[in-house]
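The structure file target.txt is reproduced below (compact mmCIF, C-alpha atoms).
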```
# COMPACT_ATOMS: atom_id res chain seq x y z
CA MET A 132 6.11 -65.07 -17.96
CA GLN A 133 6.07 -61.69 -16.24
CA LEU A 134 2.71 -59.87 -16.00
CA THR A 135 1.44 -56.89 -14.07
CA VAL A 136 -1.79 -57.67 -12.23
CA ASN A 137 -3.51 -54.90 -10.27
CA GLY A 138 -0.28 -52.94 -10.28
CA LYS A 139 1.88 -55.76 -8.97
CA SER A 140 4.43 -57.82 -10.84
CA VAL A 141 3.33 -61.43 -11.13
CA GLU A 142 5.07 -64.51 -12.54
CA ALA A 143 2.55 -66.77 -14.27
CA ALA A 144 2.49 -69.70 -16.66
CA ALA A 145 -1.13 -69.32 -17.81
CA ILE A 146 -1.59 -68.37 -21.44
CA THR A 147 -5.27 -67.40 -21.35
CA VAL A 148 -7.36 -65.15 -19.11
CA THR A 149 -9.38 -68.13 -17.84
CA LYS A 150 -6.24 -70.05 -16.92
CA LEU A 151 -4.68 -67.01 -15.30
CA LEU A 152 -7.74 -66.52 -13.08
CA VAL A 153 -7.35 -70.14 -11.94
CA GLU A 154 -3.58 -69.94 -11.51
CA LEU A 155 -3.84 -66.80 -9.39
CA ASP A 156 -6.62 -68.40 -7.33
CA VAL A 157 -9.08 -65.57 -7.98
CA LYS A 158 -12.26 -66.06 -5.98
CA ASN A 159 -15.56 -66.00 -7.90
CA PRO A 160 -13.77 -65.58 -11.25
CA ASP A 161 -17.10 -65.31 -13.06
CA GLN A 162 -17.73 -62.08 -11.11
CA VAL A 163 -14.43 -60.40 -11.92
CA ALA A 164 -14.21 -57.89 -14.74
CA VAL A 165 -10.87 -58.23 -16.49
CA GLU A 166 -9.11 -55.34 -18.14
CA LEU A 167 -6.24 -56.33 -20.43
CA ASN A 168 -3.92 -53.52 -21.49
CA GLY A 169 -6.66 -50.95 -20.97
CA GLU A 170 -9.56 -52.80 -22.63
CA ILE A 171 -12.33 -54.64 -20.80
CA VAL A 172 -12.28 -58.24 -22.01
CA ASP A 173 -15.60 -59.74 -23.12
CA ARG A 174 -16.41 -62.40 -20.55
CA ALA A 175 -17.42 -64.83 -23.29
CA THR A 176 -13.88 -64.73 -24.67
CA TYR A 177 -11.89 -65.37 -21.46
CA ASP A 178 -11.07 -68.91 -22.67
CA ASP A 179 -9.63 -67.63 -25.94
CA THR A 180 -8.02 -64.39 -24.83
CA ARG A 181 -4.28 -64.87 -24.66
CA VAL A 182 -2.01 -63.16 -22.18
CA ASN A 183 1.50 -62.32 -23.24
CA GLU A 184 4.75 -61.35 -21.57
CA GLY A 185 4.54 -57.84 -20.14
CA ASP A 186 0.73 -57.54 -20.32
CA GLN A 187 -0.99 -55.29 -17.82
CA LEU A 188 -4.14 -56.75 -16.28
CA GLU A 189 -6.63 -55.39 -13.82
CA PHE A 190 -9.07 -57.65 -12.00
CA LEU A 191 -12.00 -55.47 -10.97
CA TYR A 192 -14.52 -56.54 -8.38
CA PHE A 193 -18.10 -55.43 -7.98
CA MET A 194 -18.80 -53.96 -4.56
CA GLY A 195 -22.02 -53.03 -2.85
CA GLY A 196 -21.67 -51.38 0.49
CA GLY A 197 -22.94 -48.15 1.92
CA ARG A 198 -26.48 -48.37 3.17
CA GLY A 199 -26.51 -50.93 5.87
CA THR A 200 -29.45 -53.26 5.60
CA GLN A 201 -28.26 -55.78 3.07
CA MET B 66 -27.92 -14.59 -5.46
CA GLU B 67 -26.22 -12.17 -3.05
CA LEU B 68 -24.33 -13.69 -0.13
CA SER B 69 -25.29 -12.33 3.27
CA GLU B 70 -22.63 -11.22 5.75
CA SER B 71 -23.06 -14.37 7.80
CA GLN B 72 -22.78 -16.50 4.65
CA ILE B 73 -19.55 -14.75 3.70
CA GLU B 74 -18.27 -15.60 7.17
CA ARG B 75 -19.58 -19.16 7.13
CA TYR B 76 -18.06 -19.95 3.75
CA SER B 77 -14.92 -17.82 4.14
CA ARG B 78 -12.55 -20.80 3.85
CA HIS B 79 -14.19 -21.69 0.55
CA ILE B 80 -14.36 -18.14 -0.73
CA ILE B 81 -10.65 -17.61 -0.16
CA LEU B 82 -9.88 -20.50 -2.53
CA GLN B 83 -9.15 -19.29 -6.03
CA GLU B 84 -11.10 -22.20 -7.54
CA ILE B 85 -14.24 -21.27 -5.56
CA GLY B 86 -14.45 -17.59 -4.59
CA VAL B 87 -17.78 -15.82 -4.15
CA SER B 88 -19.08 -16.98 -7.53
CA GLY B 89 -18.23 -20.63 -6.80
CA GLN B 90 -19.93 -20.47 -3.43
CA GLU B 91 -22.98 -19.00 -5.12
CA ARG B 92 -22.90 -21.90 -7.58
CA LEU B 93 -22.80 -24.34 -4.66
CA LEU B 94 -25.76 -22.59 -3.05
CA SER B 95 -27.66 -22.97 -6.32
CA GLY B 96 -26.56 -26.60 -6.73
CA LYS B 97 -28.85 -29.59 -6.34
CA VAL B 98 -27.43 -32.96 -5.34
CA LEU B 99 -29.36 -36.17 -4.71
CA ILE B 100 -27.94 -38.73 -2.28
CA VAL B 101 -29.42 -42.20 -2.68
CA GLY B 102 -29.06 -44.09 0.58
CA ALA B 103 -28.70 -42.41 3.98
CA GLY B 104 -26.20 -45.02 5.08
CA GLY B 105 -22.45 -45.44 5.33
CA LEU B 106 -21.57 -43.62 2.11
CA GLY B 107 -24.49 -41.22 2.22
CA SER B 108 -23.77 -40.06 5.79
CA PRO B 109 -20.47 -38.24 5.20
CA ALA B 110 -21.70 -37.05 1.82
CA ALA B 111 -24.83 -35.55 3.39
CA LEU B 112 -22.93 -33.86 6.21
CA TYR B 113 -20.16 -32.41 4.03
CA LEU B 114 -22.46 -31.25 1.25
CA ALA B 115 -24.68 -29.54 3.82
CA ALA B 116 -21.67 -27.94 5.47
CA ALA B 117 -20.37 -26.84 2.06
CA GLY B 118 -23.61 -25.01 1.39
CA VAL B 119 -24.94 -27.08 -1.48
CA GLY B 120 -28.29 -25.35 -1.63
CA THR B 121 -30.62 -28.27 -2.30
CA ILE B 122 -29.83 -31.78 -1.15
CA GLY B 123 -32.23 -34.65 -1.72
CA ILE B 124 -31.94 -37.77 0.34
CA VAL B 125 -33.56 -41.07 -0.62
CA ASP B 126 -34.02 -43.96 1.78
CA GLY B 127 -36.98 -46.12 2.70
CA ASP B 128 -35.45 -47.59 5.79
CA ARG B 129 -35.23 -46.86 9.49
CA VAL B 130 -32.12 -46.51 11.62
CA ASP B 131 -30.90 -49.78 13.14
CA LEU B 132 -28.36 -50.23 15.92
CA THR B 133 -26.00 -52.08 13.54
CA ASN B 134 -25.89 -48.97 11.32
CA LEU B 135 -24.25 -46.72 13.90
CA GLN B 136 -20.75 -48.22 13.51
CA ARG B 137 -20.39 -46.33 10.22
CA GLN B 138 -23.52 -44.32 9.38
CA ILE B 139 -22.40 -41.22 11.21
CA VAL B 140 -25.35 -39.03 10.28
CA HIS B 141 -27.46 -41.13 12.67
CA HIS B 142 -27.12 -40.96 16.43
CA THR B 143 -27.98 -43.55 19.07
CA GLU B 144 -31.22 -41.74 19.89
CA ASP B 145 -32.28 -42.07 16.23
CA VAL B 146 -32.61 -45.86 16.28
CA GLY B 147 -36.05 -46.67 14.88
CA LYS B 148 -36.48 -43.31 13.12
CA GLU B 149 -36.76 -42.90 9.37
CA LYS B 150 -33.23 -42.53 8.01
CA THR B 151 -34.20 -39.64 5.78
CA LEU B 152 -35.64 -37.62 8.67
CA SER B 153 -32.71 -38.48 10.93
CA ALA B 154 -30.26 -37.33 8.25
CA ALA B 155 -32.24 -34.21 7.41
CA SER B 156 -32.26 -33.01 11.02
CA LYS B 157 -28.43 -33.19 11.25
CA MET B 158 -27.98 -31.49 7.89
CA LYS B 159 -30.29 -28.63 8.87
CA ALA B 160 -28.51 -28.34 12.22
CA ILE B 161 -25.15 -27.98 10.47
CA ASN B 162 -26.42 -25.49 7.94
CA PRO B 163 -29.86 -23.90 7.89
CA ASP B 164 -29.07 -22.45 4.43
CA VAL B 165 -29.63 -25.87 2.93
CA GLU B 166 -32.97 -27.09 1.67
CA VAL B 167 -33.18 -30.80 2.42
CA ARG B 168 -35.68 -32.75 0.34
CA VAL B 169 -36.69 -36.02 1.89
CA HIS B 170 -37.67 -39.00 -0.27
CA SER B 171 -38.65 -41.74 2.20
CA LEU B 172 -38.81 -44.60 -0.28
CA PHE B 173 -36.68 -47.07 -2.18
CA LEU B 174 -35.87 -46.36 -5.81
CA ARG B 175 -37.59 -48.54 -8.36
CA ALA B 176 -37.77 -48.53 -12.14
CA ASP B 177 -41.12 -46.73 -11.98
CA ASN B 178 -40.13 -43.89 -9.63
CA VAL B 179 -36.43 -43.22 -10.20
CA ALA B 180 -36.73 -40.98 -13.26
CA GLY B 181 -39.11 -38.56 -11.53
CA ILE B 182 -36.90 -38.31 -8.47
CA ILE B 183 -33.55 -37.70 -10.17
CA ALA B 184 -34.99 -35.29 -12.76
CA ASP B 185 -34.61 -32.17 -10.62
CA TYR B 186 -31.01 -32.73 -9.50
CA ASP B 187 -27.68 -31.76 -11.06
CA PHE B 188 -25.62 -34.65 -9.68
CA ILE B 189 -26.48 -37.99 -8.08
CA ILE B 190 -24.51 -39.81 -5.40
CA ASP B 191 -25.08 -43.57 -5.31
CA GLY B 192 -24.73 -44.53 -1.67
CA THR B 193 -26.77 -47.72 -1.94
CA ASP B 194 -25.64 -51.12 -0.75
CA ASN B 195 -27.71 -53.05 -3.15
CA PHE B 196 -26.62 -54.39 -6.52
CA GLY B 197 -29.97 -53.96 -8.19
CA ALA B 198 -30.20 -50.35 -7.02
CA LYS B 199 -26.69 -49.59 -8.25
CA PHE B 200 -27.54 -50.69 -11.79
CA LEU B 201 -30.92 -48.95 -11.63
CA ILE B 202 -29.19 -45.68 -10.73
CA ASN B 203 -26.56 -46.20 -13.45
CA ASP B 204 -29.23 -46.82 -16.08
CA ALA B 205 -31.57 -44.06 -14.91
CA CYS B 206 -28.72 -41.54 -14.91
CA TYR B 207 -27.79 -42.65 -18.43
CA PHE B 208 -31.31 -42.22 -19.78
CA ALA B 209 -31.68 -38.85 -18.02
CA GLY B 210 -28.15 -37.68 -18.88
CA LYS B 211 -27.35 -37.09 -15.20
CA PRO B 212 -23.76 -37.22 -13.96
CA TYR B 213 -23.32 -39.45 -10.96
CA SER B 214 -20.84 -41.01 -8.56
CA HIS B 215 -20.82 -44.78 -8.10
CA ALA B 216 -19.10 -46.30 -5.09
CA GLY B 217 -18.87 -49.54 -3.17
CA ILE B 218 -17.22 -50.71 0.03
CA LEU B 219 -16.53 -54.15 1.47
CA ARG B 220 -14.27 -55.33 4.30
CA PHE B 221 -11.19 -53.08 3.97
CA ASP B 222 -11.69 -52.10 0.32
CA GLY B 223 -13.55 -49.29 -1.31
CA GLN B 224 -13.84 -47.96 -4.84
CA LEU B 225 -15.56 -45.23 -6.77
CA ILE B 226 -15.95 -43.78 -10.23
CA THR B 227 -17.74 -40.74 -11.61
CA VAL B 228 -19.89 -41.28 -14.69
CA LEU B 229 -20.82 -38.66 -17.26
CA PRO B 230 -23.43 -40.68 -19.13
CA GLY B 231 -22.76 -41.19 -22.80
CA LYS B 232 -19.36 -39.53 -22.45
CA THR B 233 -17.40 -41.67 -20.01
CA ALA B 234 -17.36 -45.32 -18.93
CA CYS B 235 -20.43 -46.41 -16.98
CA LEU B 236 -20.94 -49.20 -14.47
CA ARG B 237 -22.25 -51.54 -17.17
CA CYS B 238 -19.14 -50.92 -19.27
CA LEU B 239 -17.32 -52.86 -16.53
CA PHE B 240 -20.00 -55.19 -15.24
CA ASN B 241 -22.85 -56.46 -17.39
CA GLY B 242 -25.30 -56.55 -14.53
CA PRO B 243 -25.74 -57.59 -10.92
CA PRO B 244 -23.94 -60.73 -9.84
CA PRO B 245 -26.02 -63.85 -9.24
CA PRO B 246 -27.38 -64.57 -5.75
CA ASN B 247 -24.69 -64.87 -3.11
CA ALA B 248 -21.82 -64.54 -5.59
CA VAL B 249 -20.59 -61.39 -3.89
CA PRO B 250 -20.70 -61.12 -0.11
CA THR B 251 -22.52 -58.19 1.44
CA CYS B 252 -21.24 -55.97 4.23
CA SER B 253 -23.49 -57.74 6.70
CA GLN B 254 -22.06 -61.10 5.65
CA ALA B 255 -18.43 -60.07 5.22
CA GLY B 256 -18.12 -56.97 7.40
CA VAL B 257 -16.81 -53.53 6.59
CA LEU B 258 -14.46 -51.18 8.36
CA GLY B 259 -16.73 -48.32 9.39
CA VAL B 260 -14.33 -45.51 8.60
CA LEU B 261 -14.02 -46.78 5.03
CA ALA B 262 -17.53 -45.46 4.41
CA GLY B 263 -16.28 -42.07 5.57
CA VAL B 264 -13.30 -42.13 3.22
CA ILE B 265 -15.23 -43.19 0.13
CA GLY B 266 -18.42 -41.22 0.87
CA SER B 267 -16.34 -38.08 1.38
CA LEU B 268 -14.67 -38.64 -1.99
CA GLN B 269 -18.12 -38.91 -3.56
CA ALA B 270 -19.08 -35.58 -1.98
CA THR B 271 -15.86 -34.09 -3.36
CA GLU B 272 -16.85 -35.19 -6.86
CA ALA B 273 -20.28 -33.57 -6.49
CA ILE B 274 -18.71 -30.31 -5.35
CA LYS B 275 -16.15 -30.34 -8.18
CA PHE B 276 -18.91 -31.00 -10.69
CA ILE B 277 -20.98 -28.04 -9.45
CA LEU B 278 -17.92 -25.78 -9.42
CA GLY B 279 -16.55 -27.03 -12.73
CA ALA B 280 -13.21 -27.23 -10.92
CA GLY B 281 -10.44 -29.74 -11.51
CA ASP B 282 -10.77 -33.13 -13.15
CA LEU B 283 -13.62 -35.46 -12.30
CA LEU B 284 -12.88 -39.09 -11.54
CA THR B 285 -14.16 -40.21 -14.93
CA ASP B 286 -12.80 -43.13 -16.94
CA ARG B 287 -10.82 -44.04 -13.85
CA LEU B 288 -11.81 -46.35 -11.02
CA LEU B 289 -10.21 -45.21 -7.78
CA THR B 290 -9.64 -48.09 -5.41
CA TYR B 291 -8.56 -47.86 -1.78
CA ASN B 292 -7.33 -50.61 0.49
CA ALA B 293 -7.26 -49.49 4.10
CA LEU B 294 -4.98 -52.28 5.34
CA ARG B 295 -2.29 -51.53 2.79
CA SER B 296 -2.89 -47.75 2.90
CA GLU B 297 -3.03 -47.98 -0.87
CA PHE B 298 -4.92 -45.86 -3.38
CA ARG B 299 -4.87 -46.93 -7.03
CA LYS B 300 -6.45 -45.46 -10.13
CA VAL B 301 -7.36 -47.93 -12.84
CA SER B 302 -7.85 -46.33 -16.24
CA LEU B 303 -10.99 -47.41 -18.04
CA ARG B 304 -12.58 -46.73 -21.38
CA ARG B 305 -16.14 -46.88 -22.57
CA ASN B 306 -16.89 -50.42 -23.63
CA PRO B 307 -18.22 -50.58 -27.21
CA ARG B 308 -20.04 -53.78 -26.19
CA CYS B 309 -21.73 -52.10 -23.19
CA ARG B 310 -25.36 -53.24 -23.06
CA LEU B 311 -26.41 -49.73 -22.05
CA CYS B 312 -24.12 -47.16 -23.65
CA GLY B 313 -22.29 -49.28 -26.26
CA GLN B 314 -22.64 -49.30 -30.03
CA ASP B 315 -25.52 -51.76 -30.09
CA PRO B 316 -27.35 -51.26 -26.80
CA VAL B 317 -29.90 -53.83 -25.71
CA LEU B 318 -31.10 -51.97 -22.62
CA LYS B 319 -33.61 -49.42 -23.88
CA GLU B 320 -35.64 -48.86 -20.73
CA LEU B 321 -35.37 -49.16 -16.96
CA VAL B 322 -35.94 -52.51 -15.35
CA ASP B 323 -35.91 -53.64 -11.73
CA GLU B 324 -33.08 -56.15 -11.58
CA ALA B 325 -33.85 -59.29 -9.63
CA GLN B 326 -32.66 -58.81 -6.08
CA PRO B 327 -29.53 -60.92 -6.13
CA VAL B 328 -28.72 -61.24 -2.46
CA CYS B 329 -30.63 -63.68 -0.32
CA ASP B 330 -30.85 -61.59 2.82
CA LEU B 331 -31.85 -58.28 1.26
CA ARG B 332 -34.67 -56.62 3.11
CA MET B 333 -35.52 -54.22 0.33
CA PRO B 334 -39.16 -54.48 -0.75
```

Would you give me this structure, written as structure tokens?
Amino acid sequence: MQLTVNGKSVEAAAITVTKLLVELDVKNPDQVAVELNGEIVDRATYDDTRVNEGDQLEFLYFMGGGRGTQ
Amino acid sequence: MELSESQIERYSRHIILQEIGVSGQERLLSGKVLIVGAGGLGSPAALYLAAAGVGTIGIVDGDRVDLTNLQRQIVHHTEDVGKEKTLSAASKMKAINPDVEVRVHSLFLRADNVAGIIADYDFIIDGTDNFGAKFLINDACYFAGKPYSHAGILRFDGQLITVLPGKTACLRCLFNGPPPPNAVPTCSQAGVLGVLAGVIGSLQATEAIKFILGAGDLLTDRLLTYNALRSEFRKVSLRRNPRCRLCGQDPVLKELVDEAQPVCDLRMP
């Protein structure tokens, strides 16, 4: 199945968001916000949210940074 | 406000721009921007906003300059190590442009002081490194209706988004709240390319200037991401999240709270 993830074409077998995060070896998947075709997916529904051929996904990461005394 | 001859000369490269002109420069001189964090992101923002003639610039930081800061926090010089960051930043800003009134807030933002500090400013720049502070600023700007620029940097990546509270997607539309302890590495744990702070902090300053001028399109409902290694900018379109705990249809966050400090080695009080 062909998907677009963060702007890049990706071949994946996973049929749910949860499985896709595993298949693509996303680090700290519980910290990644997932946008599916322009809508932020409710984290509680990652297991049930299906991905389909041609879907556009964005994995968004929280970043700190800036002031230097972390 | 009438521009003096020396101001017309100083700001001539602005004034010649159709989108700015004399009236736009006067708007900048009347503008009030608050920069939270005199660090990597706040440094270029402070310097460029001062140079641009933003008339009142507030700078919030409760920390002192450390030698490890100097790799990216360009408002501070080697001789400033040990000084209060706010005072160090203010002296450079005044040196660049004596037109600017710099207001120094030598403290860390908390739920019980943030509202009073942001109240007098038109636009807020979040240059903090700290997850709790980022959500505190997001929430405080929402409750006060203040537009603001969120940004983050890590390793070779940076990202930012401008939020018009109640109108465009906010930080909590994307992320419910701060990540749990140690889930996300910090710059001190993972490193950060110093110049990245300059790229992203300068973009934040650009958003503040555009907001004051009313020029162009703000970076709202779009997260701009930059990867320095790949020389790649991307814009990810976003929408307000109806399930957002802050600005959604059934909000559960009704007041400001200090989020638990999620990172083990934070030195914030």

Distance query His141 in chain B at most 7 Å, all atoms listed in the file, self and fewer than 6 positions along chain excluded, as JSON, numbers by chain: {"B": [135, 153, 154]}

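Closest approach to chain A among B:Gly127, B:Gly104, B:Gly89, B:Gly279: B:Gly104, based on all atoms listed in the file.
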
Neighbour residues at most 7 Å from (-1.8, -57.0, -23.8) (only C-alpha atoms) as a list in words: Leu167, Asn168, Val182, Asn183, Asp186 and Gln187 of chain A

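The protein and nucleic acid residues lying at most 10 Å from Ile146 in chain A are Met132, Lys150, Leu151, Asp178, Asp179, Thr180, Arg181, Val182, Asn183 and Glu184 of chain A, with all atoms listed in the file considered and sequence neighbours fewer than 4 positions away removed.
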
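Take CA of Val260 in chain B and CA of Leu132 in chain B: the distance between them is 16.5 Å.
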
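Interface residues of chain B facing chain A, defined by any atom at most 6 Å away and using only C-alpha atoms, are Gly102, Gly104, Gly105, Leu106, Asn134, Gly192, Thr193, Asp194, Asn195, Gly217, Ile218, Leu219, Cys252 and Leu331 of chain B.
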
Atomic distance CA of Lys150 in chain B - CA of Arg129 in chain B, expressed in Å with one decimal: 5.0 Å

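Taking CA of Tyr76 in chain B and CA of Gly123 in chain B as the two end points, the separation is 21.1 Å.
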
From (-34.9, -38.6, -2.3), in the file's coordinates, out to 12 Å: which residues are reached, counting all atoms listed in the file? Answer as a short mmCIF file (atom, residue, chain, number, x, y, z; two decimals) with C-alpha atoms, in the coordinates of the input.
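Output (selection.cif):
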```
data_model
loop_
_atom_site.label_atom_id
_atom_site.label_comp_id
_atom_site.auth_asym_id
_atom_site.auth_seq_id
_atom_site.Cartn_x
_atom_site.Cartn_y
_atom_site.Cartn_z
CA LYS B 97 -28.85 -29.59 -6.34
CA VAL B 98 -27.43 -32.96 -5.34
CA LEU B 99 -29.36 -36.17 -4.71
CA ILE B 100 -27.94 -38.73 -2.28
CA VAL B 101 -29.42 -42.20 -2.68
CA GLY B 102 -29.06 -44.09 0.58
CA ALA B 103 -28.70 -42.41 3.98
CA GLY B 107 -24.49 -41.22 2.22
CA ALA B 111 -24.83 -35.55 3.39
CA THR B 121 -30.62 -28.27 -2.30
CA ILE B 122 -29.83 -31.78 -1.15
CA GLY B 123 -32.23 -34.65 -1.72
CA ILE B 124 -31.94 -37.77 0.34
CA VAL B 125 -33.56 -41.07 -0.62
CA ASP B 126 -34.02 -43.96 1.78
CA GLY B 127 -36.98 -46.12 2.70
CA LYS B 150 -33.23 -42.53 8.01
CA THR B 151 -34.20 -39.64 5.78
CA LEU B 152 -35.64 -37.62 8.67
CA ALA B 154 -30.26 -37.33 8.25
CA ALA B 155 -32.24 -34.21 7.41
CA VAL B 167 -33.18 -30.80 2.42
CA ARG B 168 -35.68 -32.75 0.34
CA VAL B 169 -36.69 -36.02 1.89
CA HIS B 170 -37.67 -39.00 -0.27
CA SER B 171 -38.65 -41.74 2.20
CA LEU B 172 -38.81 -44.60 -0.28
CA PHE B 173 -36.68 -47.07 -2.18
CA LEU B 174 -35.87 -46.36 -5.81
CA ARG B 175 -37.59 -48.54 -8.36
CA ASN B 178 -40.13 -43.89 -9.63
CA VAL B 179 -36.43 -43.22 -10.20
CA ALA B 180 -36.73 -40.98 -13.26
CA GLY B 181 -39.11 -38.56 -11.53
CA ILE B 182 -36.90 -38.31 -8.47
CA ILE B 183 -33.55 -37.70 -10.17
CA ALA B 184 -34.99 -35.29 -12.76
CA ASP B 185 -34.61 -32.17 -10.62
CA TYR B 186 -31.01 -32.73 -9.50
CA ILE B 189 -26.48 -37.99 -8.08
CA ILE B 190 -24.51 -39.81 -5.40
CA ASP B 191 -25.08 -43.57 -5.31
CA GLY B 192 -24.73 -44.53 -1.67
#
```

Proximity to Asp323 in chain B - best of B:Lys211, B:Arg305, B:Gly259, B:Phe196, all atoms listed in the file: B:Phe196

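Non-sequential neighbours of Glu142 in chain A (distance at most 9 Å, separation of 3 or more positions within a chain, all atoms listed in the file) are A:Met132, A:Gln133, A:Leu134, A:Thr135.
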
Nearest to Pro244 in chain B by atom-to-atom distance, counting all atoms listed in the file, from B:Gly197, B:Phe276, B:Val130, B:Gln83: B:Gly197

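With all atoms listed in the file as the basis for measurement, B:Lys157 is the residue among B:Gly313, B:Asn306, B:Ser214, B:Lys157 that approaches Ser108 in chain B most closely.
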